[in-house]
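Below is the file input-v9.cif, which contains mmCIF, C-alpha atoms.
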```
data_start
loop_
_atom_site.label_atom_id
_atom_site.label_comp_id
_atom_site.auth_asym_id
_atom_site.auth_seq_id
_atom_site.Cartn_x
_atom_site.Cartn_y
_atom_site.Cartn_z
CA MET A 28 154.50 29.82 123.64
CA SER A 29 151.99 32.55 124.02
CA MET A 30 153.46 34.48 126.92
CA SER A 31 156.88 34.90 125.28
CA ASN A 32 155.17 36.90 122.54
CA VAL A 33 154.45 39.51 125.21
CA PHE A 34 158.21 39.80 125.67
CA HIS A 35 158.72 40.39 121.96
CA ILE A 36 155.97 43.00 121.83
CA ALA A 37 157.27 44.86 124.87
CA ALA A 38 160.85 44.64 123.54
CA SER A 39 159.81 46.15 120.21
CA ALA A 40 158.13 48.98 122.09
CA LEU A 41 161.26 49.56 124.19
CA THR A 42 163.37 49.79 121.03
CA ALA A 43 160.91 52.17 119.37
CA GLN A 44 160.62 54.42 122.41
CA SER A 45 164.39 54.60 122.85
CA MET A 46 164.68 55.67 119.20
CA ARG A 47 162.20 58.40 119.99
CA LEU A 48 164.29 59.45 122.99
CA ASN A 49 167.30 59.45 120.69
CA ALA A 50 165.57 61.86 118.30
CA VAL A 51 164.59 64.10 121.21
CA SER A 52 168.13 64.26 122.51
CA SER A 53 169.59 65.10 119.10
CA ASN A 54 166.98 67.82 118.67
CA LEU A 55 167.75 69.31 122.06
CA ALA A 56 171.51 68.99 121.56
CA ASN A 57 171.26 70.87 118.27
CA ALA A 58 168.77 73.47 119.44
CA ASP A 59 171.44 76.16 119.31
CA SER A 60 173.47 75.04 116.30
CA ALA A 61 173.44 78.25 114.33
CA HIS A 62 173.65 78.19 110.55
CA ALA A 63 173.41 80.64 107.68
CA SER A 64 169.91 81.87 106.89
CA THR A 65 170.25 80.48 103.35
CA GLY A 66 169.51 76.98 104.71
CA GLY A 67 171.38 73.72 105.15
CA GLY A 68 171.18 73.71 108.93
CA TYR A 69 169.80 71.19 111.37
CA LYS A 70 166.05 70.50 111.24
CA ALA A 71 164.01 69.03 114.11
CA LYS A 72 163.50 65.29 113.61
CA GLN A 73 160.38 63.39 114.61
CA VAL A 74 160.01 59.61 114.73
CA VAL A 75 156.82 58.01 113.30
CA PHE A 76 155.73 54.60 114.61
CA GLN A 77 153.96 51.79 112.86
CA ALA A 78 152.24 48.64 114.17
CA VAL A 79 153.81 45.38 112.99
CA ALA A 80 152.66 41.77 113.43
CA MET A 81 154.98 39.85 115.76
CA GLY A 82 154.12 36.17 116.19
CA GLY A 83 154.07 34.05 113.02
CA GLY A 84 150.64 32.48 113.51
CA ALA A 85 149.37 35.14 115.86
CA PRO A 86 148.02 38.15 113.95
CA TRP A 87 146.60 39.63 117.15
CA ALA A 88 150.12 40.15 118.55
CA GLN A 89 151.08 43.58 117.26
CA GLY A 90 154.46 45.01 118.10
CA VAL A 91 155.67 48.43 117.08
CA ARG A 92 158.55 49.64 114.96
CA MET A 93 159.88 52.89 113.64
CA LYS A 94 158.32 53.64 110.26
CA GLU A 95 160.28 56.74 109.32
CA VAL A 96 162.04 59.83 110.61
CA ILE A 97 160.45 63.03 109.35
CA GLU A 98 162.04 66.45 109.40
CA ASP A 99 159.95 69.30 110.73
CA PRO A 100 159.11 71.53 107.70
CA ALA A 101 158.74 74.64 109.87
CA PRO A 102 161.02 77.57 108.91
CA PRO A 103 164.21 78.15 110.96
CA ARG A 104 164.20 80.57 113.86
CA LEU A 105 165.80 83.87 112.75
CA VAL A 106 167.73 85.88 115.30
CA TYR A 107 169.06 89.39 114.66
CA ASP A 108 172.78 89.27 115.50
CA PRO A 109 174.87 91.27 112.98
CA LYS A 110 178.16 90.49 114.77
CA HIS A 111 177.72 86.73 114.35
CA PRO A 112 180.12 85.28 111.72
CA LEU A 113 177.18 83.49 110.05
CA ALA A 114 174.95 86.56 109.84
CA ASP A 115 173.48 87.37 106.42
CA GLY A 116 173.30 90.79 104.71
CA ASN A 117 170.40 91.90 106.92
CA GLY A 118 172.17 90.75 110.09
CA TYR A 119 170.08 87.63 110.72
CA VAL A 120 171.38 84.23 111.88
CA ALA A 121 169.23 81.10 111.51
CA TYR A 122 168.77 78.64 114.35
CA PRO A 123 167.12 75.19 114.00
CA ASN A 124 163.32 75.01 114.25
CA VAL A 125 163.56 72.96 117.47
CA ASP A 126 160.87 73.79 120.03
CA PRO A 127 162.40 72.93 123.45
CA VAL A 128 158.99 72.74 125.17
CA GLU A 129 157.65 70.34 122.57
CA GLU A 130 160.80 68.24 122.88
CA MET A 131 160.54 68.06 126.67
CA VAL A 132 156.91 66.90 126.42
CA ASN A 133 157.98 64.35 123.82
CA MET A 134 160.73 63.14 126.13
CA LEU A 135 158.36 62.71 129.09
CA SER A 136 155.85 60.86 126.94
CA ALA A 137 158.53 58.52 125.58
CA SER A 138 159.93 57.89 129.03
CA ARG A 139 156.47 57.06 130.47
CA SER A 140 155.76 54.69 127.59
CA TYR A 141 159.15 53.06 128.15
CA GLN A 142 158.39 52.54 131.84
CA THR A 143 154.97 51.06 131.07
CA ASN A 144 156.50 48.55 128.71
CA VAL A 145 159.16 47.60 131.25
CA GLU A 146 156.30 46.86 133.66
CA VAL A 147 154.56 44.80 130.99
CA MET A 148 157.74 42.80 130.61
CA SER A 149 158.16 42.20 134.33
CA THR A 150 154.51 41.12 134.64
CA ALA A 151 154.98 38.67 131.78
CA LYS A 152 158.13 37.34 133.41
CA ASN A 153 156.29 36.89 136.70
CA LEU A 154 153.44 35.01 135.02
CA MET A 155 155.85 32.77 133.14
CA GLN A 156 157.77 31.91 136.29
CA ARG A 157 154.54 31.03 138.05
CA THR A 158 153.45 28.93 135.10
CA ILE A 159 156.67 26.96 135.31
CA ALA A 160 156.14 26.50 139.05
CA VAL A 161 152.67 24.92 138.66
CA ALA A 162 152.41 21.58 140.47
CA GLN A 163 155.96 21.82 141.79
CA ALA A 164 154.92 22.47 145.36
CA MET B 19 137.83 10.61 139.84
CA LEU B 20 140.60 11.02 137.25
CA ASN B 21 137.99 11.93 134.72
CA LYS B 22 136.72 14.78 136.87
CA ILE B 23 140.21 16.17 137.46
CA ASP B 24 140.91 15.88 133.77
CA LYS B 25 137.76 17.88 133.07
CA GLU B 26 138.78 20.61 135.49
CA LEU B 27 142.28 20.71 134.01
CA ALA B 28 140.88 20.95 130.49
CA PHE B 29 138.78 23.91 131.53
CA VAL B 30 141.71 25.58 133.29
CA GLN B 31 143.91 24.94 130.27
CA SER B 32 141.51 26.58 127.79
CA ALA B 33 140.94 29.52 130.11
CA LEU B 34 144.70 29.95 130.65
CA ASN B 35 145.33 29.87 126.90
CA LEU B 36 142.78 32.59 126.36
CA ARG B 37 144.12 34.67 129.24
CA ALA B 38 147.62 34.42 127.78
CA ARG B 39 146.28 35.47 124.40
CA ARG B 40 144.44 38.42 125.94
CA GLN B 41 147.68 39.37 127.70
CA GLU B 42 149.36 39.49 124.26
CA ILE B 43 146.59 41.67 122.84
CA LEU B 44 146.74 44.08 125.78
CA ALA B 45 150.55 44.20 125.53
CA SER B 46 150.13 45.11 121.84
CA ASN B 47 147.82 47.95 122.81
CA LEU B 48 150.31 49.24 125.36
CA ALA B 49 153.22 48.93 122.91
CA ASN B 50 151.29 50.90 120.29
CA SER B 51 150.16 53.74 122.53
CA ASP B 52 152.04 56.23 120.31
CA THR B 53 151.39 54.68 116.90
CA PRO B 54 149.30 56.85 114.56
CA ASN B 55 145.99 55.29 113.49
CA TYR B 56 146.38 52.27 115.76
CA LYS B 57 143.03 51.07 117.14
CA ALA B 58 143.02 49.40 120.56
CA ARG B 59 141.61 45.87 120.53
CA ASP B 60 140.45 43.39 123.11
CA LEU B 61 139.15 39.87 123.40
CA ASP B 62 135.47 39.22 124.08
CA PHE B 63 136.52 36.81 126.79
CA ALA B 64 133.14 35.25 127.59
CA SER B 65 132.33 34.30 124.01
CA ALA B 66 135.92 33.23 123.30
CA LEU B 67 135.88 30.90 126.31
CA ARG B 68 132.48 29.52 125.34
CA GLY B 69 133.87 28.88 121.87
CA ALA B 70 137.03 27.25 123.21
CA LEU B 71 134.98 24.91 125.40
CA GLY B 72 132.98 23.85 122.34
CA GLY B 73 129.75 25.45 123.45
CA ALA B 74 127.51 27.82 121.54
CA GLY B 75 130.39 30.11 120.66
CA GLY B 76 130.41 29.14 117.01
CA SER B 77 133.33 26.69 117.09
CA LEU B 78 134.07 24.66 113.99
CA THR B 79 133.32 20.97 114.19
CA LEU B 80 134.04 18.25 111.68
CA ALA B 81 131.20 16.41 109.97
CA ARG B 82 130.81 12.89 111.40
CA THR B 83 129.42 10.36 108.95
CA GLN B 84 130.54 7.24 110.86
CA PRO B 85 130.08 6.51 114.54
CA GLY B 86 133.82 5.98 114.95
CA HIS B 87 134.77 9.44 113.70
CA LEU B 88 136.35 11.92 116.08
CA ASP B 89 134.60 15.22 116.70
CA GLY B 90 137.54 17.48 115.90
CA LYS B 91 136.94 20.78 117.60
CA ALA B 92 138.96 23.69 116.30
CA SER B 93 139.51 25.51 119.55
CA GLY B 94 142.49 27.47 118.19
CA ALA B 95 140.48 29.36 115.58
CA VAL B 96 138.26 30.98 118.17
CA ALA B 97 140.14 33.99 119.41
CA ALA B 98 140.44 35.73 116.06
CA ALA B 99 136.64 35.79 115.79
CA ALA B 100 136.19 37.15 119.32
CA LEU B 101 138.70 39.98 118.74
CA LYS B 102 136.95 43.35 118.87
CA TYR B 103 137.92 47.00 118.70
CA ARG B 104 137.59 48.93 121.91
CA ALA B 105 135.13 51.83 121.98
CA ALA B 106 137.35 54.86 122.45
CA VAL B 107 136.57 57.32 125.23
CA GLN B 108 138.57 60.13 123.67
CA PRO B 109 140.53 59.22 120.54
CA SER B 110 143.59 61.36 119.90
CA LEU B 111 144.10 63.55 116.83
CA ASP B 112 146.37 61.04 115.11
CA GLY B 113 143.63 58.37 115.10
CA ASN B 114 145.07 56.37 117.99
CA THR B 115 142.45 54.96 120.39
CA VAL B 116 144.73 53.52 123.10
CA ASP B 117 143.77 54.82 126.54
CA MET B 118 146.75 54.09 128.79
CA ASP B 119 144.73 53.87 132.04
CA VAL B 120 142.10 51.54 130.62
CA GLU B 121 144.69 49.27 129.04
CA ARG B 122 146.83 49.10 132.18
CA ALA B 123 143.81 48.32 134.33
CA HIS B 124 142.80 45.50 131.98
CA PHE B 125 146.39 44.27 131.83
CA THR B 126 146.68 44.01 135.62
CA ASP B 127 143.22 42.46 135.91
CA ASN B 128 144.08 39.89 133.27
CA ALA B 129 147.37 39.04 135.00
CA LEU B 130 145.50 38.45 138.27
CA HIS B 131 142.99 36.18 136.54
CA TYR B 132 145.86 34.29 134.96
CA GLN B 133 147.45 33.76 138.38
CA PHE B 134 144.12 32.60 139.80
CA LEU B 135 143.83 30.02 137.04
CA LEU B 136 147.40 28.86 137.69
CA ASP B 137 146.38 28.41 141.31
CA ARG B 138 143.42 26.29 140.24
CA ALA B 139 145.72 24.16 138.06
CA SER B 140 148.08 23.68 141.00
CA ALA B 141 145.15 22.70 143.20
CA ALA B 142 143.97 20.14 140.66
CA PHE B 143 147.42 18.59 140.60
CA SER B 144 147.68 18.43 144.37
CA THR B 145 144.27 16.75 144.52
CA LEU B 146 145.59 14.23 142.05
CA LYS B 147 148.73 13.71 144.12
CA LEU B 148 146.64 13.23 147.24
CA ALA B 149 144.47 10.67 145.45
CA VAL B 150 147.42 8.55 144.32
CA GLY B 151 148.92 8.74 147.79
CA ALA B 152 152.03 10.73 147.00
CA ASP B 153 151.58 12.62 150.26
CA ARG B 154 151.58 9.42 152.36
CA PRO B 155 154.36 9.44 154.94
#
```

Transcribe the structure of this file into structure tokens.
Amino acid sequence: MSMSNVFHIAASALTAQSMRLNAVSSNLANADSAHASTGGGYKAKQVVFQAVAMGGGAPWAQGVRMKEVIEDPAPPRLVYDPKHPLADGNGYVAYPNVDPVEEMVNMLSASRSYQTNVEVMSTAKNLMQRTIAVAQA
Amino acid sequence: MLNKIDKELAFVQSALNLRARRQEILASNLANSDTPNYKARDLDFASALRGALGGAGGSLTLARTQPGHLDGKASGAVAAAALKYRAAVQPSLDGNTVDMDVERAHFTDNALHYQFLLDRASAAFSTLKLAVGADRP
């Protein structure tokens, strides 16, 4: 059934986008988790997507899935705060390399994509219902 | 009479199949709007339909060496050939060529065409019902 593949594709996109939202929320939640400047603290995480074939005999139906989670290689944000218990010899404390602006943009983008795919799903549902109703009137 | 209705239904059926397939392809594009290096694709609907109806669209036919042989038309193998990449207006830096507005417009347009075809199928059935006198009081 061709139209039910649309459901699978949209569902895969919903899963992928919610994983992206998940990454955004952990990044934002940990934006102020201070750690020692020697390393070992939280690093911003980004989700990378990958196209994946959905229907068995339908190579044109491409869903999406999470390929990997990469950690931002940017250096941590150093803040001069000698009274902080985690401060190093020079008085610096390291904060994660999370960029709140970038994360907010990421969140909006993920949420818009999520909404679009919900609409795709509801259109597909509508079309399927109408298909079932053919010649019933 | 029945023959004519059957012909119309056959046409509507092939067109509906292709519309459903195009819906899948467009849903794939929408699902992969954030996938790096994903290229948006679409169906060349006119040539695909011509192929599905056994016209000059390059459909595969079986060789007939005896008058009693059936002319097996492979209408299912058409869509893969008519699948093309969309010319990108402004591809993004990560190699993705999905333009959300274009895809959504096509998606809605395709859904409308699908509903129109469903309407035609319904009409063909009601004509048939009328002809066999199902509507007689």

For the provided coordinates, the residues matched by the PyMOL selection byres ((chain A and resi 117) around 12) should be stated as an mmCIF file with C-alpha atoms, in the frame of the given file.
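Saved to part_9.cif:
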```
data_model
loop_
_atom_site.group_PDB
_atom_site.id
_atom_site.type_symbol
_atom_site.label_atom_id
_atom_site.label_comp_id
_atom_site.auth_asym_id
_atom_site.auth_seq_id
_atom_site.Cartn_x
_atom_site.Cartn_y
_atom_site.Cartn_z
ATOM 1 C CA ALA A 63 173.410 80.640 107.680
ATOM 2 C CA SER A 64 169.910 81.870 106.890
ATOM 3 C CA THR A 65 170.250 80.480 103.350
ATOM 4 C CA LEU A 105 165.800 83.870 112.750
ATOM 5 C CA VAL A 106 167.730 85.880 115.300
ATOM 6 C CA TYR A 107 169.060 89.390 114.660
ATOM 7 C CA ASP A 108 172.780 89.270 115.500
ATOM 8 C CA PRO A 109 174.870 91.270 112.980
ATOM 9 C CA LYS A 110 178.160 90.490 114.770
ATOM 10 C CA HIS A 111 177.720 86.730 114.350
ATOM 11 C CA LEU A 113 177.180 83.490 110.050
ATOM 12 C CA ALA A 114 174.950 86.560 109.840
ATOM 13 C CA ASP A 115 173.480 87.370 106.420
ATOM 14 C CA GLY A 116 173.300 90.790 104.710
ATOM 15 C CA GLY A 118 172.170 90.750 110.090
ATOM 16 C CA TYR A 119 170.080 87.630 110.720
ATOM 17 C CA VAL A 120 171.380 84.230 111.880
ATOM 18 C CA ALA A 121 169.230 81.100 111.510
#
```

Discussion item. My list of candidates is A:Asn133, A:Gln163, A:Asn124, A:Gln89. Which is closest to A:Val33 when distances are computed with only C-alpha atoms?
Written reply: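 Among the listed residues, the smallest separation from A:Val33 belongs to A:Gln89.
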
Item to complete: Give as a PyMOL selection string the residues that the PyMOL selection byres ((chain A) within 8 of (chain B)) matches when applied to the coordinates above.
Response: chain A and resi 29-30+32-33+36-37+39-40+75-78+87-91+140+143-144+147+150+154+157-158+161-162

Discussion item. Residues within 10 Å of A:Met131, please, as JSON, numbers by chain. Count all atoms listed in the file; anything in the same chain fewer than 4 positions from it doesn't count.
Written reply: {"A": [51, 52, 55, 126, 127, 135, 136, 137]}

Practice prompt. Could you tell me which of B:Phe63, B:Ala28, B:Ala58, B:Gly86 comes closest to B:Val120 if we count all atoms listed in the file?
Written response: B:Ala58

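Reported to one decimal place, the separation of atom CA of A:Lys70 from atom CA of A:Val125 is 7.1 Å.
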
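One finds atom CA of A:Ala61 at 19.8 Å from atom CA of A:Gln73.
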
Worksheet item: Within 8 Å of A:Tyr141, counting only C-alpha atoms, which residues qualify if same-chain residues fewer than 5 places away don't, as a PyMOL selection string?
Response: chain A and resi 40-41+44-45

Item to complete: Choose the residue, out of B:Gly113, B:Ser32, B:Leu148, B:Lys102, that has the smallest atom-to-atom separation from B:Ala70; count all atoms listed in the file.
Response: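 Between B:Gly113, B:Ser32, B:Leu148, B:Lys102, the residue approaching B:Ala70 most closely is B:Ser32.
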
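The coordinates place atom CA of A:Ala71 at 16.9 Å from atom CA of A:Lys94.
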
Using all atoms listed in the file - which residues lie no farther than 9 Å from the point (164.6, 56.3, 116.3) in the file's frame? Write them as a PDB file with C-alpha atoms, in the coordinates of the input.
```pdb
ATOM      1  CA  THR A  42     163.370  49.790 121.030  1.00  0.00           C
ATOM      2  CA  ALA A  43     160.910  52.170 119.370  1.00  0.00           C
ATOM      3  CA  GLN A  44     160.620  54.420 122.410  1.00  0.00           C
ATOM      4  CA  SER A  45     164.390  54.600 122.850  1.00  0.00           C
ATOM      5  CA  MET A  46     164.680  55.670 119.200  1.00  0.00           C
ATOM      6  CA  ARG A  47     162.200  58.400 119.990  1.00  0.00           C
ATOM      7  CA  LEU A  48     164.290  59.450 122.990  1.00  0.00           C
ATOM      8  CA  ASN A  49     167.300  59.450 120.690  1.00  0.00           C
ATOM      9  CA  ALA A  50     165.570  61.860 118.300  1.00  0.00           C
ATOM     10  CA  GLN A  73     160.380  63.390 114.610  1.00  0.00           C
ATOM     11  CA  VAL A  74     160.010  59.610 114.730  1.00  0.00           C
ATOM     12  CA  VAL A  75     156.820  58.010 113.300  1.00  0.00           C
ATOM     13  CA  MET A  93     159.880  52.890 113.640  1.00  0.00           C
ATOM     14  CA  GLU A  95     160.280  56.740 109.320  1.00  0.00           C
ATOM     15  CA  VAL A  96     162.040  59.830 110.610  1.00  0.00           C
TER      16      VAL A  96
END
```

Completed stretch 42-70 of chain A (N, CA and C atoms) as a short mmCIF file (atom, residue, chain, number, x, y, z; two decimals), keeping the file's coordinate frame:
```cif
data_model
loop_
_atom_site.label_atom_id
_atom_site.label_comp_id
_atom_site.auth_asym_id
_atom_site.auth_seq_id
_atom_site.Cartn_x
_atom_site.Cartn_y
_atom_site.Cartn_z
N THR A 42 162.47 49.33 122.10
CA THR A 42 163.37 49.79 121.03
C THR A 42 162.82 51.06 120.38
N ALA A 43 161.52 51.03 120.06
CA ALA A 43 160.91 52.17 119.37
C ALA A 43 160.96 53.41 120.25
N GLN A 44 160.64 53.24 121.53
CA GLN A 44 160.62 54.42 122.41
C GLN A 44 162.03 54.96 122.63
N SER A 45 163.03 54.07 122.65
CA SER A 45 164.39 54.60 122.85
C SER A 45 164.86 55.33 121.60
N MET A 46 164.36 54.90 120.42
CA MET A 46 164.68 55.67 119.20
C MET A 46 164.07 57.06 119.28
N ARG A 47 162.86 57.11 119.84
CA ARG A 47 162.20 58.40 119.99
C ARG A 47 163.00 59.29 120.95
N LEU A 48 163.47 58.68 122.03
CA LEU A 48 164.29 59.45 122.99
C LEU A 48 165.57 59.95 122.32
N ASN A 49 166.11 59.09 121.46
CA ASN A 49 167.30 59.45 120.69
C ASN A 49 167.06 60.70 119.85
N ALA A 50 165.91 60.71 119.14
CA ALA A 50 165.57 61.86 118.30
C ALA A 50 165.42 63.11 119.16
N VAL A 51 164.77 62.95 120.32
CA VAL A 51 164.59 64.10 121.21
C VAL A 51 165.93 64.65 121.64
N SER A 52 166.85 63.75 122.01
CA SER A 52 168.13 64.26 122.51
C SER A 52 168.93 64.90 121.40
N SER A 53 168.86 64.38 120.15
CA SER A 53 169.59 65.10 119.10
C SER A 53 168.97 66.45 118.83
N ASN A 54 167.63 66.51 118.89
CA ASN A 54 166.98 67.82 118.67
C ASN A 54 167.41 68.82 119.73
N LEU A 55 167.39 68.38 120.98
CA LEU A 55 167.75 69.31 122.06
C LEU A 55 169.22 69.69 121.99
N ALA A 56 170.07 68.71 121.64
CA ALA A 56 171.51 68.99 121.56
C ALA A 56 171.80 70.01 120.48
N ASN A 57 171.00 69.97 119.40
CA ASN A 57 171.26 70.87 118.27
C ASN A 57 170.38 72.11 118.28
N ALA A 58 169.71 72.35 119.40
CA ALA A 58 168.77 73.47 119.44
C ALA A 58 169.46 74.81 119.18
N ASP A 59 170.74 74.89 119.49
CA ASP A 59 171.44 76.16 119.31
C ASP A 59 172.54 76.10 118.26
N SER A 60 172.47 75.11 117.36
CA SER A 60 173.47 75.04 116.30
C SER A 60 173.11 76.05 115.22
N ALA A 61 173.77 77.19 115.29
CA ALA A 61 173.44 78.25 114.33
C ALA A 61 173.92 77.88 112.93
N HIS A 62 173.20 78.38 111.93
CA HIS A 62 173.65 78.19 110.55
C HIS A 62 173.23 79.42 109.75
N ALA A 63 173.73 79.49 108.52
CA ALA A 63 173.41 80.64 107.68
C ALA A 63 171.93 80.63 107.33
N SER A 64 171.35 81.80 107.14
CA SER A 64 169.91 81.87 106.89
C SER A 64 169.54 81.34 105.51
N THR A 65 170.55 81.01 104.67
CA THR A 65 170.25 80.48 103.35
C THR A 65 169.83 79.01 103.42
N GLY A 66 169.97 78.37 104.57
CA GLY A 66 169.51 76.98 104.71
C GLY A 66 170.66 76.03 104.95
N GLY A 67 170.36 74.75 104.96
CA GLY A 67 171.38 73.72 105.15
C GLY A 67 171.66 73.38 106.59
N GLY A 68 170.94 74.00 107.52
CA GLY A 68 171.18 73.71 108.93
C GLY A 68 170.40 72.52 109.43
N TYR A 69 170.50 72.32 110.74
CA TYR A 69 169.80 71.19 111.37
C TYR A 69 168.30 71.46 111.40
N LYS A 70 167.51 70.39 111.16
CA LYS A 70 166.05 70.50 111.24
C LYS A 70 165.55 69.52 112.29
#
```
